[in-house]
Amino acid sequence: MNRTPLTLLGIETSCDETAAAVVRLRADGSGEILANVVRAQLDLHAAYGGVVPEIAARAHVDLLEPAINQAMAEAGLDFGDLDGVAAAAGPGLIGGVIVGLTTAKAIALGAGKPFVAVNHLEAHALSPGLTDDVHPPYLLLLVSGGHTQLVVVNDVGAYTRLGTTLDDALGEAFDKAAKLLGLGYPGGPEVERWAARGTANVPLPRPMMGRPEPHFSLAGLKTALRQEAMAREPLSEQDVADLCASFQEAVGDVVRDRVTRAMDLFEDLAPADTVLTLVAAGGVAANGALRTALGEVAAARGYRLVVPPPHLCTDNAAMIAWAGAQRLARGLTDDMGTPARARWPLDPDAAPALGAGVKA
């Protein structure tokens, strides 16, 4: 593994954040963020209650070059000063991924620098190493708008999936819950804000609790929420707050149960001298109630809980640059023919989860 400092430009365009960052992997293995620029597109998608892929891709075309220029200026570097260029090559909305991937290839080719294609999920998985002294193996709860998985991070490029979602991802469930209650977008922060004003007094199911495989299923919880909301129409503000609090509490109970089961499996797989660490990453990891639930589980089982700061939980390019640097340090680079990928599992050898959809 290369132990000399490496400075990489990272580009992230897999969904609705247009992002560019410059990150340095120091010789001692620690990380430094030299610049981290994120240009959100929330105002473009809010009216639709979700991300519109074509709108997102067109916005990336307009926003990416200024974001890159800003990141390089903040870092005080020229392209020739870089050791490599990394971009999210998937999984994600294919039009957006193509924009970032093509741009990164052009910069790398023009500057004569190595190019690294980064799995967006791997970037989330490795992001705690950028801000905390975290080393594999550790247990990862990956929770985002498109993915909910429990994964053992064995090393860079080596992952064992323990559990996945059979239907909705956690972030998707929050967005849909917010939409059916008439709240704003993105749904996660809106549900959390309204839940703080409510009481968890609405009976909702806890799907999959007690199952031996640490999979998730959230579609039934979402349906139950809709039925409870319809039974209370017209909804008062207090009704909305109580429904949000009840939904968030149900999610917390499910996460506690599923993570506890994953801990059992992780401890069976990990070497005896492993420092027990639970990492939560992805946009939903910024949810305060979820962090509290994970903190309780970690404390009960003697785990160290690591959650990146909120600005590194949501999609960003610093994590892309960091993952790219980790791969480049191991001599892992990609050629200009590397394709954009709508799907890219962390553990391609994982057995399909019975009943799971394409997000597994």
# chains A, B, ... in the order shown; residues from 1 in each chain; ligands from 1
>>> select_by_dssp(residues="segment 22-238 of chain A", states="strand (DSSP E)", output="number ranges by chain")
A: 22-25, 31-40, 84-90, 115-119, 138-143, 148-155, 158-164
>>> write_last_selection(atoms="N, CA and C atoms", output="short mmCIF file (atom, residue, chain, number, x, y, z; two decimals), in the first residue's frame")
data_model
loop_
_atom_site.label_atom_id
_atom_site.label_comp_id
_atom_site.auth_asym_id
_atom_site.auth_seq_id
_atom_site.Cartn_x
_atom_site.Cartn_y
_atom_site.Cartn_z
N VAL A 22 -11.92 18.19 -2.73
CA VAL A 22 -10.50 17.83 -2.79
C VAL A 22 -10.12 17.31 -1.41
N VAL A 23 -9.59 16.10 -1.36
CA VAL A 23 -9.25 15.43 -0.11
C VAL A 23 -7.83 14.90 -0.19
N ARG A 24 -7.13 14.99 0.93
CA ARG A 24 -5.76 14.47 0.99
C ARG A 24 -5.70 13.28 1.95
N LEU A 25 -5.17 12.18 1.47
CA LEU A 25 -4.84 11.03 2.31
C LEU A 25 -3.40 11.22 2.76
N GLY A 31 -7.01 11.59 7.14
CA GLY A 31 -7.53 12.35 6.02
C GLY A 31 -7.67 13.82 6.32
N GLU A 32 -7.67 14.62 5.27
CA GLU A 32 -7.84 16.07 5.38
C GLU A 32 -8.72 16.54 4.21
N ILE A 33 -9.79 17.24 4.54
CA ILE A 33 -10.66 17.81 3.52
C ILE A 33 -10.14 19.21 3.18
N LEU A 34 -9.66 19.38 1.97
CA LEU A 34 -9.15 20.68 1.53
C LEU A 34 -10.28 21.57 0.98
N ALA A 35 -11.30 20.94 0.43
CA ALA A 35 -12.47 21.67 -0.08
C ALA A 35 -13.60 20.68 -0.23
N ASN A 36 -14.82 21.13 0.03
CA ASN A 36 -15.99 20.25 -0.09
C ASN A 36 -17.18 21.11 -0.51
N VAL A 37 -17.52 21.06 -1.77
CA VAL A 37 -18.57 21.90 -2.35
C VAL A 37 -19.76 21.03 -2.71
N VAL A 38 -20.94 21.39 -2.22
CA VAL A 38 -22.17 20.67 -2.54
C VAL A 38 -23.20 21.68 -3.02
N ARG A 39 -23.73 21.46 -4.20
CA ARG A 39 -24.78 22.32 -4.73
C ARG A 39 -26.06 21.49 -4.85
N ALA A 40 -26.96 21.71 -3.91
CA ALA A 40 -28.19 20.92 -3.84
C ALA A 40 -29.18 21.37 -4.90
N GLY A 84 -4.74 12.19 -8.50
CA GLY A 84 -5.74 11.39 -9.17
C GLY A 84 -7.08 12.08 -9.15
N VAL A 85 -8.00 11.54 -9.94
CA VAL A 85 -9.36 12.07 -10.03
C VAL A 85 -10.32 10.90 -9.82
N ALA A 86 -11.29 11.08 -8.92
CA ALA A 86 -12.25 10.02 -8.62
C ALA A 86 -13.66 10.52 -8.88
N ALA A 87 -14.53 9.62 -9.31
CA ALA A 87 -15.93 9.97 -9.53
C ALA A 87 -16.81 8.80 -9.15
N ALA A 88 -18.01 9.11 -8.67
CA ALA A 88 -19.00 8.07 -8.43
C ALA A 88 -19.44 7.50 -9.77
N ALA A 89 -19.21 6.22 -9.98
CA ALA A 89 -19.59 5.55 -11.22
C ALA A 89 -20.87 4.74 -11.06
N GLY A 90 -21.51 4.84 -9.91
CA GLY A 90 -22.75 4.14 -9.61
C GLY A 90 -22.70 3.66 -8.17
N PHE A 115 -7.28 7.73 -12.98
CA PHE A 115 -8.71 7.85 -12.77
C PHE A 115 -9.20 6.69 -11.91
N VAL A 116 -10.09 7.00 -10.95
CA VAL A 116 -10.63 5.97 -10.06
C VAL A 116 -12.15 6.05 -10.11
N ALA A 117 -12.78 4.95 -10.48
CA ALA A 117 -14.25 4.85 -10.47
C ALA A 117 -14.67 4.33 -9.10
N VAL A 118 -15.49 5.09 -8.41
CA VAL A 118 -15.86 4.78 -7.03
C VAL A 118 -17.30 4.30 -6.95
N ASN A 119 -17.50 3.23 -6.21
CA ASN A 119 -18.84 2.78 -5.87
C ASN A 119 -19.39 3.74 -4.80
N TYR A 138 -15.54 -3.63 10.62
CA TYR A 138 -16.59 -3.05 11.44
C TYR A 138 -17.94 -3.34 10.81
N LEU A 139 -18.98 -3.17 11.61
CA LEU A 139 -20.34 -3.40 11.15
C LEU A 139 -20.92 -2.08 10.68
N LEU A 140 -21.48 -2.09 9.48
CA LEU A 140 -22.01 -0.88 8.87
C LEU A 140 -23.51 -0.98 8.69
N LEU A 141 -24.24 0.02 9.16
CA LEU A 141 -25.64 0.22 8.78
C LEU A 141 -25.65 1.33 7.74
N LEU A 142 -25.95 0.96 6.51
CA LEU A 142 -26.00 1.91 5.41
C LEU A 142 -27.46 2.28 5.16
N VAL A 143 -27.80 3.53 5.44
CA VAL A 143 -29.19 3.96 5.34
C VAL A 143 -29.26 5.23 4.50
N THR A 148 -30.85 0.37 2.08
CA THR A 148 -30.79 0.07 3.50
C THR A 148 -30.15 -1.32 3.62
N GLN A 149 -28.95 -1.36 4.18
CA GLN A 149 -28.21 -2.60 4.27
C GLN A 149 -27.43 -2.67 5.57
N LEU A 150 -27.20 -3.89 6.03
CA LEU A 150 -26.26 -4.16 7.13
C LEU A 150 -25.12 -4.96 6.53
N VAL A 151 -23.91 -4.42 6.64
CA VAL A 151 -22.76 -4.95 5.92
C VAL A 151 -21.56 -5.03 6.85
N VAL A 152 -20.78 -6.09 6.72
CA VAL A 152 -19.47 -6.15 7.37
C VAL A 152 -18.45 -5.54 6.42
N VAL A 153 -17.78 -4.50 6.87
CA VAL A 153 -16.69 -3.89 6.09
C VAL A 153 -15.41 -4.62 6.49
N ASN A 154 -14.95 -5.51 5.63
CA ASN A 154 -13.75 -6.30 5.92
C ASN A 154 -12.48 -5.54 5.54
N ASP A 155 -12.54 -4.81 4.44
CA ASP A 155 -11.40 -4.03 3.95
C ASP A 155 -11.92 -3.22 2.75
N ALA A 158 -13.82 -5.13 0.03
CA ALA A 158 -14.21 -6.45 0.55
C ALA A 158 -15.34 -6.29 1.56
N TYR A 159 -16.53 -6.75 1.19
CA TYR A 159 -17.72 -6.52 2.00
C TYR A 159 -18.56 -7.79 2.07
N THR A 160 -19.19 -8.00 3.22
CA THR A 160 -20.10 -9.12 3.41
C THR A 160 -21.46 -8.56 3.81
N ARG A 161 -22.43 -8.72 2.93
CA ARG A 161 -23.78 -8.23 3.24
C ARG A 161 -24.50 -9.20 4.16
N LEU A 162 -24.97 -8.69 5.29
CA LEU A 162 -25.73 -9.50 6.24
C LEU A 162 -27.23 -9.33 6.04
N GLY A 163 -27.64 -8.12 5.73
CA GLY A 163 -29.07 -7.86 5.58
C GLY A 163 -29.31 -6.75 4.59
N THR A 164 -30.51 -6.75 4.01
CA THR A 164 -30.88 -5.72 3.05
C THR A 164 -32.38 -5.44 3.20
#
>>> residues_around(residues="Thr274 of chain A", least_positions_apart="3", cutoff="8 Å", atoms="only C-alpha atoms", output="number ranges by chain")
A: 137, 270-271
>>> closest_atom_pairs(of="segment 91-180 of chain A", to="segment 223-232 of chain A", cutoff="10 Å", atoms="only C-alpha atoms", output="CSV")
residue,atom,partner,partner_atom,distance
A:Lys176,CA,A:Arg226,CA,9.8
A:Ala177,CA,A:Leu225,CA,7.4
A:Leu180,CA,A:Arg226,CA,6.9
>>> closest_residue(among="A:Pro339, A:Gly95, A:Pro310, A:Gly220", to="Glu54 of chain A", atoms="only C-alpha atoms")
A:Gly95
>>> residues_around(residues="Thr199 of chain A", least_positions_apart="5", cutoff="9 Å", atoms="only C-alpha atoms", output="ChimeraX atom specification")
/A:238,241-246
>>> closest_residue(among="A:Ala20, A:Ala75, A:Ala57, A:Leu9", to="Ala111 of chain A", atoms="only C-alpha atoms")
A:Leu9
>>> residues_around(residues="Ala329 of chain A", least_positions_apart="2", cutoff="6 Å", atoms="only C-alpha atoms", output="VMD selection string")
chain A and resid 1 to 2 325 to 327 331
>>> closest_atom_pairs(of="segment 300-337 of chain A", to="segment 122-130 of chain A", cutoff="12 Å", atoms="only C-alpha atoms", output="JSON lines")
{"residue": "A:Leu305", "atom": "CA", "partner": "A:Pro128", "partner_atom": "CA", "distance": 10.6}
{"residue": "A:Val306", "atom": "CA", "partner": "A:Pro128", "partner_atom": "CA", "distance": 7.1}
{"residue": "A:Val307", "atom": "CA", "partner": "A:Pro128", "partner_atom": "CA", "distance": 7.0}
{"residue": "A:Pro308", "atom": "CA", "partner": "A:Pro128", "partner_atom": "CA", "distance": 5.6}
{"residue": "A:Pro309", "atom": "CA", "partner": "A:Pro128", "partner_atom": "CA", "distance": 9.0}
{"residue": "A:Pro310", "atom": "CA", "partner": "A:Pro128", "partner_atom": "CA", "distance": 11.6}
{"residue": "A:His311", "atom": "CA", "partner": "A:Ser127", "partner_atom": "CA", "distance": 11.2}
{"residue": "A:Leu312", "atom": "CA", "partner": "A:Ser127", "partner_atom": "CA", "distance": 7.4}
{"residue": "A:Cys313", "atom": "CA", "partner": "A:His124", "partner_atom": "CA", "distance": 7.5}
{"residue": "A:Thr314", "atom": "CA", "partner": "A:His124", "partner_atom": "CA", "distance": 8.9}
{"residue": "A:Asp315", "atom": "CA", "partner": "A:His124", "partner_atom": "CA", "distance": 8.3}
{"residue": "A:Asn316", "atom": "CA", "partner": "A:His124", "partner_atom": "CA", "distance": 9.4}
{"residue": "A:Ala317", "atom": "CA", "partner": "A:Ala123", "partner_atom": "CA", "distance": 9.0}
{"residue": "A:Ala318", "atom": "CA", "partner": "A:Ser127", "partner_atom": "CA", "distance": 8.4}
{"residue": "A:Met319", "atom": "CA", "partner": "A:Ala123", "partner_atom": "CA", "distance": 5.2}
{"residue": "A:Ile320", "atom": "CA", "partner": "A:Ala123", "partner_atom": "CA", "distance": 5.4}
{"residue": "A:Ala321", "atom": "CA", "partner": "A:Ala123", "partner_atom": "CA", "distance": 8.3}
{"residue": "A:Trp322", "atom": "CA", "partner": "A:Leu130", "partner_atom": "CA", "distance": 6.8}
{"residue": "A:Ala323", "atom": "CA", "partner": "A:Ala123", "partner_atom": "CA", "distance": 5.2}
{"residue": "A:Gly324", "atom": "CA", "partner": "A:Ala123", "partner_atom": "CA", "distance": 8.2}
{"residue": "A:Ala325", "atom": "CA", "partner": "A:Ala123", "partner_atom": "CA", "distance": 10.5}
{"residue": "A:Gln326", "atom": "CA", "partner": "A:Leu126", "partner_atom": "CA", "distance": 8.8}
{"residue": "A:Arg327", "atom": "CA", "partner": "A:Glu122", "partner_atom": "CA", "distance": 10.6}
>>> atom_distance(atom1="atom CA of Glu65 of chain A", atom2="atom CA of Gly80 of chain A")
17.0 Å
>>> select_by_dssp(residues="segment 44-273 of chain A", states="helix (DSSP H, G or I)", output="PyMOL selection string")
chain A and resi 44-48+53-75+79-81+94-111+120-126+128-131+170-180+187-195+219-231+237-269
>>> write_last_selection(atoms="C-alpha atoms", output="tab-separated table (two decimals), in the first residue's frame")
chain	number	residue	atom	x	y	z
A	44	LEU	CA	-35.87	21.87	-8.57
A	45	HIS	CA	-37.49	18.68	-7.25
A	46	ALA	CA	-39.60	19.81	-4.28
A	47	ALA	CA	-42.72	20.41	-6.38
A	48	TYR	CA	-42.65	16.76	-7.50
A	53	PRO	CA	-33.97	11.93	-13.01
A	54	GLU	CA	-33.98	14.02	-16.19
A	55	ILE	CA	-34.13	17.30	-14.26
A	56	ALA	CA	-31.31	16.12	-12.01
A	57	ALA	CA	-29.08	15.17	-14.94
A	58	ARG	CA	-29.60	18.51	-16.68
A	59	ALA	CA	-28.88	20.38	-13.46
A	60	HIS	CA	-25.62	18.45	-13.02
A	61	VAL	CA	-24.52	19.66	-16.45
A	62	ASP	CA	-25.07	23.27	-15.37
A	63	LEU	CA	-23.74	23.02	-11.82
A	64	LEU	CA	-20.78	20.66	-11.98
A	65	GLU	CA	-18.14	22.83	-13.66
A	66	PRO	CA	-18.66	25.77	-11.25
A	67	ALA	CA	-18.55	23.34	-8.31
A	68	ILE	CA	-15.25	21.85	-9.51
A	69	ASN	CA	-13.74	25.28	-10.10
A	70	GLN	CA	-14.79	26.38	-6.61
A	71	ALA	CA	-13.36	23.26	-4.98
A	72	MET	CA	-10.02	23.61	-6.75
A	73	ALA	CA	-9.85	27.31	-5.87
A	74	GLU	CA	-10.61	26.66	-2.20
A	75	ALA	CA	-7.94	23.95	-2.12
A	79	PHE	CA	-5.29	19.95	-11.81
A	80	GLY	CA	-1.61	19.23	-12.27
A	81	ASP	CA	-1.16	19.21	-8.49
A	94	ILE	CA	-27.76	6.77	-14.72
A	95	GLY	CA	-28.04	10.16	-16.43
A	96	GLY	CA	-26.51	11.96	-13.48
A	97	VAL	CA	-23.79	9.35	-13.02
A	98	ILE	CA	-22.76	9.75	-16.67
A	99	VAL	CA	-22.33	13.51	-16.22
A	100	GLY	CA	-19.90	13.19	-13.32
A	101	LEU	CA	-18.10	10.14	-14.66
A	102	THR	CA	-17.48	11.69	-18.07
A	103	THR	CA	-16.25	14.94	-16.53
A	104	ALA	CA	-13.84	13.13	-14.21
A	105	LYS	CA	-12.43	11.05	-17.06
A	106	ALA	CA	-11.87	14.20	-19.13
A	107	ILE	CA	-10.01	15.94	-16.29
A	108	ALA	CA	-7.88	12.87	-15.58
A	109	LEU	CA	-7.06	12.40	-19.25
A	110	GLY	CA	-6.24	16.06	-19.79
A	111	ALA	CA	-4.08	16.32	-16.69
A	120	HIS	CA	-21.10	5.35	-4.19
A	121	LEU	CA	-22.01	2.79	-1.51
A	122	GLU	CA	-18.35	2.07	-0.81
A	123	ALA	CA	-17.77	5.79	-0.38
A	124	HIS	CA	-20.44	5.86	2.33
A	125	ALA	CA	-18.97	2.72	3.88
A	126	LEU	CA	-15.44	4.17	4.10
A	128	PRO	CA	-15.89	7.32	8.80
A	129	GLY	CA	-12.18	6.83	8.15
A	130	LEU	CA	-12.00	10.40	6.89
A	131	THR	CA	-13.08	11.97	10.18
A	170	LEU	CA	-35.38	3.69	4.92
A	171	GLY	CA	-34.95	7.11	3.33
A	172	GLU	CA	-37.56	6.23	0.72
A	173	ALA	CA	-39.99	5.23	3.46
A	174	PHE	CA	-39.48	8.57	5.24
A	175	ASP	CA	-40.04	10.46	1.98
A	176	LYS	CA	-43.23	8.54	1.21
A	177	ALA	CA	-44.50	8.98	4.77
A	178	ALA	CA	-43.97	12.73	4.51
A	179	LYS	CA	-45.69	12.88	1.14
A	180	LEU	CA	-48.83	11.03	2.27
A	187	GLY	CA	-39.23	13.82	3.89
A	188	GLY	CA	-36.75	12.66	6.54
A	189	PRO	CA	-36.09	16.07	8.12
A	190	GLU	CA	-39.79	16.97	7.87
A	191	VAL	CA	-40.92	13.80	9.66
A	192	GLU	CA	-38.29	14.33	12.35
A	193	ARG	CA	-39.35	17.96	12.84
A	194	TRP	CA	-43.04	17.11	13.18
A	195	ALA	CA	-42.31	14.07	15.38
A	219	ALA	CA	-43.64	-1.15	2.86
A	220	GLY	CA	-46.10	-2.59	5.38
A	221	LEU	CA	-45.27	0.09	7.92
A	222	LYS	CA	-45.86	2.75	5.29
A	223	THR	CA	-49.22	1.18	4.36
A	224	ALA	CA	-50.27	1.03	8.01
A	225	LEU	CA	-49.39	4.71	8.38
A	226	ARG	CA	-51.58	5.55	5.39
A	227	GLN	CA	-54.51	3.59	6.85
A	228	GLU	CA	-54.18	5.30	10.23
A	229	ALA	CA	-53.98	8.70	8.54
A	230	MET	CA	-57.10	8.00	6.46
A	231	ALA	CA	-59.00	6.91	9.58
A	237	GLU	CA	-51.63	19.39	13.05
A	238	GLN	CA	-51.54	17.33	16.23
A	239	ASP	CA	-52.65	14.25	14.27
A	240	VAL	CA	-49.78	14.78	11.83
A	241	ALA	CA	-47.30	15.25	14.66
A	242	ASP	CA	-48.49	12.10	16.45
A	243	LEU	CA	-48.38	10.06	13.24
A	244	CYS	CA	-44.83	11.23	12.58
A	245	ALA	CA	-43.75	10.44	16.14
A	246	SER	CA	-45.34	6.99	15.93
A	247	PHE	CA	-43.76	6.27	12.55
A	248	GLN	CA	-40.33	7.37	13.74
A	249	GLU	CA	-40.63	5.29	16.92
A	250	ALA	CA	-41.61	2.21	14.91
A	251	VAL	CA	-38.61	2.70	12.62
A	252	GLY	CA	-36.35	3.05	15.64
A	253	ASP	CA	-37.64	-0.20	17.15
A	254	VAL	CA	-37.12	-2.05	13.87
A	255	VAL	CA	-33.59	-0.69	13.50
A	256	ARG	CA	-32.68	-1.67	17.07
A	257	ASP	CA	-33.87	-5.22	16.49
A	258	ARG	CA	-32.28	-5.65	13.06
A	259	VAL	CA	-28.93	-4.17	14.14
A	260	THR	CA	-28.86	-6.35	17.26
A	261	ARG	CA	-29.32	-9.44	15.10
A	262	ALA	CA	-26.58	-8.25	12.73
A	263	MET	CA	-24.27	-7.80	15.72
A	264	ASP	CA	-24.74	-11.48	16.57
A	265	LEU	CA	-23.67	-12.47	13.07
A	266	PHE	CA	-20.80	-9.95	12.97
A	267	GLU	CA	-19.34	-11.26	16.20
A	268	ASP	CA	-19.40	-14.79	14.80
A	269	LEU	CA	-17.49	-13.65	11.69
>>> atom_distance(atom1="atom CA of Arg211 of chain A", atom2="atom CA of Arg304 of chain A")
24.6 Å
